[in-house]
Structures are given as structure tokens and as C-alpha cells.
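Chemist: Can you keep this structure in mind? I'll have questions shortly.
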Amino acid sequence: MTDFSSYFLMNAEDAAEYSKIQLNYFSPDADLEQTEIGDGNLNYIFRIRDRKTGKSVVIKQAGHTARISDEFKVSPDRNRIEYEKLKMENELVPGLVPLVYHYNEVMNCLAMEDLSDHVIMRNELCEHKIFPRFADHISTYMANTLLLISDAVIDHKKKKEIVNRFINPDLCEITEDLVYTEPFNDINKRNNVFPPNSDFISREIYSDKKLLLETAKMKFDFMCNAQSLIHGDLHTGSIFVTRDSTKIIDPEFAFFGPAGYDIGNIIANLIFAWANAETTMEDETARKEYTRWLEETIIDVLNMFVSKWKELWKERVSEVSATYEGFDTWYLGRILRDTAGVTGLELCRRIIGIAQVKDITSIASTEKRLRAERLCLRTAKRCIFERDTITTPEQYLNIVRWAAEK
Ligand code: SR1
Ligand code: MG
């Protein structure tokens, strides 16, 4: 039996042994059961439980390549980044993220709270379930994490020290390629276009030179604007929920980038849920009720984010230049512009690129899926082109409704 003194990719039995002898988490006579529960694109996730006591833990291990494809060589240091970000988030937004217990730099694995009483939000949205506390929780998470770890609040030297710890080149490269580049030109031939939508995508996306130019501007913003310590992959598959609780997981893509990247991801993924409901729910009353809840959630997420952000700005900003009259409005305006642009990028990349979303791919009817895809792509283009003027949630909803009517 290994003593875990050198790295190897664990199976579930290894992870159980690890939890006993490295974590000392279970008593020596524990009767452990273990399962690999990961269904993401990158890592291996094990749940270990003592049948006698019900006590459990989750162990997440990073490999040297992505689970989705060996083509992606990704530093396992992402696991340290996730651990450090979760530790910071436990301070900033306690209760909205899992507790973390331990990180091992040899095995590139971390141990954290088992959230088996929660479920992945995307799967529930595909079942047309409602989460009344979500907007409040996610807006608190975003306002606190995005403002409190930024130059507006943190001492500049301290911030640069944190930037250093969160240089995340491999995962940033994935985002630069999969979000900002490939969906618009298929340069690496990795896109995964739904064949009946191929002509539409060639005409409306690949052939649109003006769109290409806007994606380049946004890509340079992503690469150059070290504004906030962002989550970096804040979609509904990175969120665990119950009716009353929200836990944001998986911040391995964290780095200092534009704050609007996280907010735009949330808005886009709520639009995927809207497109699914709009195109698949047969019963008109149920459909209207559910799409209305999603619309109200988009409104609440953005409005609550803005008001919480403004309150925090008043209380916490320490940088003198940031206190000059009008600077807060200018700064928030840039976040909202980036939010709209990223909403458009995320909508495109999940329809066209390699990493897709169940909200769309699970639509069995070709006709309905085509309608959902085109609704998202038309919304995306307007969000990108009109990002300088999109500042309110109602503007997103007007665009989505316009796209649904086309
Ligand atoms: C190779 S990783 C593909 C995607 O999965 C992750 O969750 C990120 O969204 C990434 O873009
Ligand atoms: Mg993930």
C-alpha cells in the first residue's frame, strides 16, 4: 500500500485509504464506502463515508490532463488555487461555499465538506425547479468576492502579492481558447456544432467580421484587466443548491480578471435555462410561470448585485482615487459593460464550442433545439454589440424576448 509520498492518480479505494491515513479524518475502525462522483470536464472527485457514523468527506484530485480530453494539458496546481480561493471565500461569504479541510501539494488534492444534501443547479433548472433564495445568495457572493478582493479595497502591494498566488496560465488559456477564440472561428477544429445548425452558425457567427473584432477587444480585456479575484467558471454546474441554500463550488479557474466575467456567466446560464423552458415546456401556464421566475431571477440578480456592490463600496473602499466623485459610477459602468459582453460570449461558446450545456443538448426535438440555439445566438450577438449600453436587467429580457420571436 502506498504512503502517498509521490503523486499518482487515485481510484476510489486509494482515496478512502488517503482519507484514513493522510487526513486522519476517520477512526481506524471506520467502515468506509467510497464512490467517484465527478462529472465535470477536468477532475476526479471522491465521496468517502463511514457506514457506522454517517460521517463523510469529499476529496478532489487534479490530473495532468483534463478529464474531457487528453488534448488539454493542465497544471494540477489548479487544485491549490481552488483551495486558497475557497479558504478566502469562507472568510468573505461564509455559508455560501463548502468548508475546506486540507490541501496536499504532492497528491494535488483537497479535502472538503460533503454537500450530498445539495444538488447541481443546472440539473434542477432542466427539471424546471425554482430556487427562491438563489438571487439573494449569488448577488451576495459576487458583490463581496468581486469588490473586496480588488484594488479599490485591498492595499496595492498586498493585492499584487495575491495576484502572484493566483497566476493561473493553463486554465486562463482554456478560457481564452474556448470562450474568446474558437467559437468564432473554429481555429482548432474542436467546435461541436449541432449539424442542423451548421449553416446558420457559418453565416451568423463565423462570417461576421465585426463580431470577430468585438471578441478580440473582449479577449484583451480578459487577459489584461486584473480587476478582481474572479471565480472564473461561474455557471450553474458550479453551483450546488437546495431550496434554501446555495453553495458555490469549483473556483479552480480563479485569477485576477474582469469582475463582469462572473456576472455575465450567471446571466448567460439563466438564459440557457430560459431557452430550455421556452422551447420544451408544452403546458402554457406552467411555461409562463417558470419563465417568469427565471426573468425575475435575472432582474433580482443584477439589481441586488448593484445595490449590494454600492453599499459595500461606501463602506469598504480605501483607495483614495477611487473615492473621487463619479469614479464609482464609471467603475460600475465598466463592470456592467463587461457583464453584457461576457453574457454574449458564454451564450455562443456553449452552443458552438467543445464544452456544451445540458440545458440545450438535452432537447430531444431537432426543431426545438434549433429554436433554443438560435434564440441564444441572436441574444448573444446583441449582448456583444450593444454591451456599452446594456445596463439594466430589463434590457436583457427585451433582447431575449425579441430573439424568441424571430
Ligand atoms: C477543458 S475544460 C472545458 C470547460 O469545462 C470547465 O468547466 C470550463 O467551463 C471549461 O471551459
Ligand atoms: Mg468546473
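How things are named: the first chain in the C-alpha cells is A, the next is B, and so on; residues count from 1 in each chain; ligands count from 1 in the order shown.
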Compile the contact shell of Arg51 (chain A) as a PyMOL selection string: residues with an atom at most 10 Å away, counting only C-alpha atoms, same-chain residues fewer than 5 positions apart removed.

Modeler: chain A and resi 30-33+56

Chemist: Could you save those same residues with N, CA and C atoms as an mmCIF file, in the first residue's frame?

Modeler:
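Produced file again-v3.cif, reproduced below:
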data_model
loop_
_atom_site.group_PDB
_atom_site.id
_atom_site.type_symbol
_atom_site.label_atom_id
_atom_site.label_comp_id
_atom_site.auth_asym_id
_atom_site.auth_seq_id
_atom_site.Cartn_x
_atom_site.Cartn_y
_atom_site.Cartn_z
ATOM 1 N N ALA A 30 -13.238 2.592 11.176
ATOM 2 C CA ALA A 30 -14.343 3.071 10.322
ATOM 3 C C ALA A 30 -14.655 2.042 9.235
ATOM 4 N N ASP A 31 -15.918 1.963 8.887
ATOM 5 C CA ASP A 31 -16.353 1.053 7.820
ATOM 6 C C ASP A 31 -16.670 1.928 6.597
ATOM 7 N N LEU A 32 -15.653 2.143 5.765
ATOM 8 C CA LEU A 32 -15.772 3.156 4.714
ATOM 9 C C LEU A 32 -16.394 2.619 3.424
ATOM 10 N N GLU A 33 -17.240 3.472 2.808
ATOM 11 C CA GLU A 33 -17.673 3.221 1.432
ATOM 12 C C GLU A 33 -17.194 4.407 0.602
ATOM 13 N N SER A 56 -18.789 11.931 6.600
ATOM 14 C CA SER A 56 -18.314 11.827 5.214
ATOM 15 C C SER A 56 -17.438 13.022 4.839
#

Chemist: Using only C-alpha atoms and all ligand atoms, what are the residues with an atom within 7 Å of ligand 2, set out as a list in words?

Modeler: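 Listed by chain and ascending number, the contacts are Gly40, Asn41, Leu42, Asp233, Ser238 and Asp250 of chain A.
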
Chemist: Go ahead and write the selection's residues with N, CA and C atoms as a PDB file, in the first residue's frame.

Modeler:
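And here's result-v4.pdb as it stands now:
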ATOM      1  N   GLY A  40     -17.572  16.498 -14.007  1.00  0.00           N
ATOM      2  CA  GLY A  40     -17.108  17.714 -14.678  1.00  0.00           C
ATOM      3  C   GLY A  40     -16.114  17.377 -15.785  1.00  0.00           C
ATOM      4  N   ASN A  41     -15.529  18.404 -16.364  1.00  0.00           N
ATOM      5  CA  ASN A  41     -14.635  18.225 -17.506  1.00  0.00           C
ATOM      6  C   ASN A  41     -13.177  18.015 -17.120  1.00  0.00           C
ATOM      7  N   LEU A  42     -12.825  18.272 -15.835  1.00  0.00           N
ATOM      8  CA  LEU A  42     -11.402  18.343 -15.517  1.00  0.00           C
ATOM      9  C   LEU A  42     -10.889  17.336 -14.489  1.00  0.00           C
ATOM     10  N   ASP A 233     -15.393  30.506 -13.550  1.00  0.00           N
ATOM     11  CA  ASP A 233     -16.178  29.469 -14.251  1.00  0.00           C
ATOM     12  C   ASP A 233     -17.548  29.346 -13.565  1.00  0.00           C
ATOM     13  N   SER A 238     -21.557  24.855 -11.557  1.00  0.00           N
ATOM     14  CA  SER A 238     -20.613  25.114 -10.456  1.00  0.00           C
ATOM     15  C   SER A 238     -21.362  25.569  -9.203  1.00  0.00           C
ATOM     16  N   ASP A 250     -16.000  24.876  -6.981  1.00  0.00           N
ATOM     17  CA  ASP A 250     -15.178  24.729  -8.185  1.00  0.00           C
ATOM     18  C   ASP A 250     -14.440  25.978  -8.683  1.00  0.00           C
TER      19      ASP A 250
END

Chemist: Residues contacting ligand 1 - anything with an atom at most 12 Å away, using only C-alpha atoms and all ligand atoms - can you give me those as a PyMOL selection string?

Modeler: chain A and resi 38-43+64-74+170-183+190-191+231-239+249-254+262+265+269+345-346+349-350+353-357

Chemist: With the cut-off set at 10 Å and counting only C-alpha atoms, tabulate each residue of region 233-296 of chain A with an atom at most that distance from an atom of region 136-144 of chain A, showing the nearest atom pair and its distance in Å to one decimal, ordered by chain and increasing number, as a Markdown table.

Modeler:
| residue | atom | partner | partner_atom | distance |
| --- | --- | --- | --- | --- |
| A:Leu234 | CA | A:Met142 | CA | 9.9 |
| A:Ile239 | CA | A:Ile138 | CA | 9.5 |
| A:Asp244 | CA | A:His137 | CA | 9.6 |
| A:Ser245 | CA | A:His137 | CA | 8.1 |
| A:Thr246 | CA | A:His137 | CA | 6.5 |
| A:Lys247 | CA | A:His137 | CA | 8.7 |
| A:Ile248 | CA | A:Ile138 | CA | 8.3 |
| A:Ala259 | CA | A:Met142 | CA | 8.5 |
| A:Gly260 | CA | A:Met142 | CA | 9.7 |
| A:Asp262 | CA | A:Met142 | CA | 7.6 |
| A:Ile263 | CA | A:Met142 | CA | 7.3 |
| A:Ile266 | CA | A:Ile138 | CA | 8.7 |

Chemist: Quick one: which region 74-172 of chain A residues come within 12 Å of region 362-369 of chain A, and what is the nearest atom pair for each with the distance in Å to one decimal, counting only C-alpha atoms, rows ordered by chain and ascending number, as CSV?

Modeler:
residue,atom,partner,partner_atom,distance
A:Arg122,CA,A:Ser362,CA,11.7
A:Asn123,CA,A:Ser362,CA,10.5
A:Cys126,CA,A:Ser362,CA,8.6
A:Glu127,CA,A:Ser362,CA,11.0

Chemist: Tell me which of A:Leu332, A:Leu312, A:Val317, A:Leu294 sits closest to Asp151 (chain A), counting only C-alpha atoms.

Modeler: A:Val317

Chemist: Hey, what's within 8 Å of Phe131 (chain A) if we count only C-alpha atoms and toss same-chain stuff fewer than 3 positions away? As an NGL selection string, please?

Modeler: :A and (134 or 241-244)

Chemist: Would you mind telling me which residue in A:Leu212, A:Tyr206, A:Asp359, A:Ala322 lies nearest to Met121 (chain A) when using only C-alpha atoms?

Modeler: A:Asp359

Chemist: When distances are computed from only C-alpha atoms, which of A:Pro76, A:Met107, A:Val342, A:Ile167 shows the smallest separation from Lys219 (chain A)?

Modeler: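 Residue with the minimum atom-to-atom distance to Lys219 (chain A): A:Val342.
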
Chemist: Using backbone DSSP assignments, extract all alpha helix (DSSP H) residues from region 135-214 of chain A; output them as a PyMOL selection string.

Modeler: chain A and resi 135-148+156-165+169-175+182-185+198-201+209-214
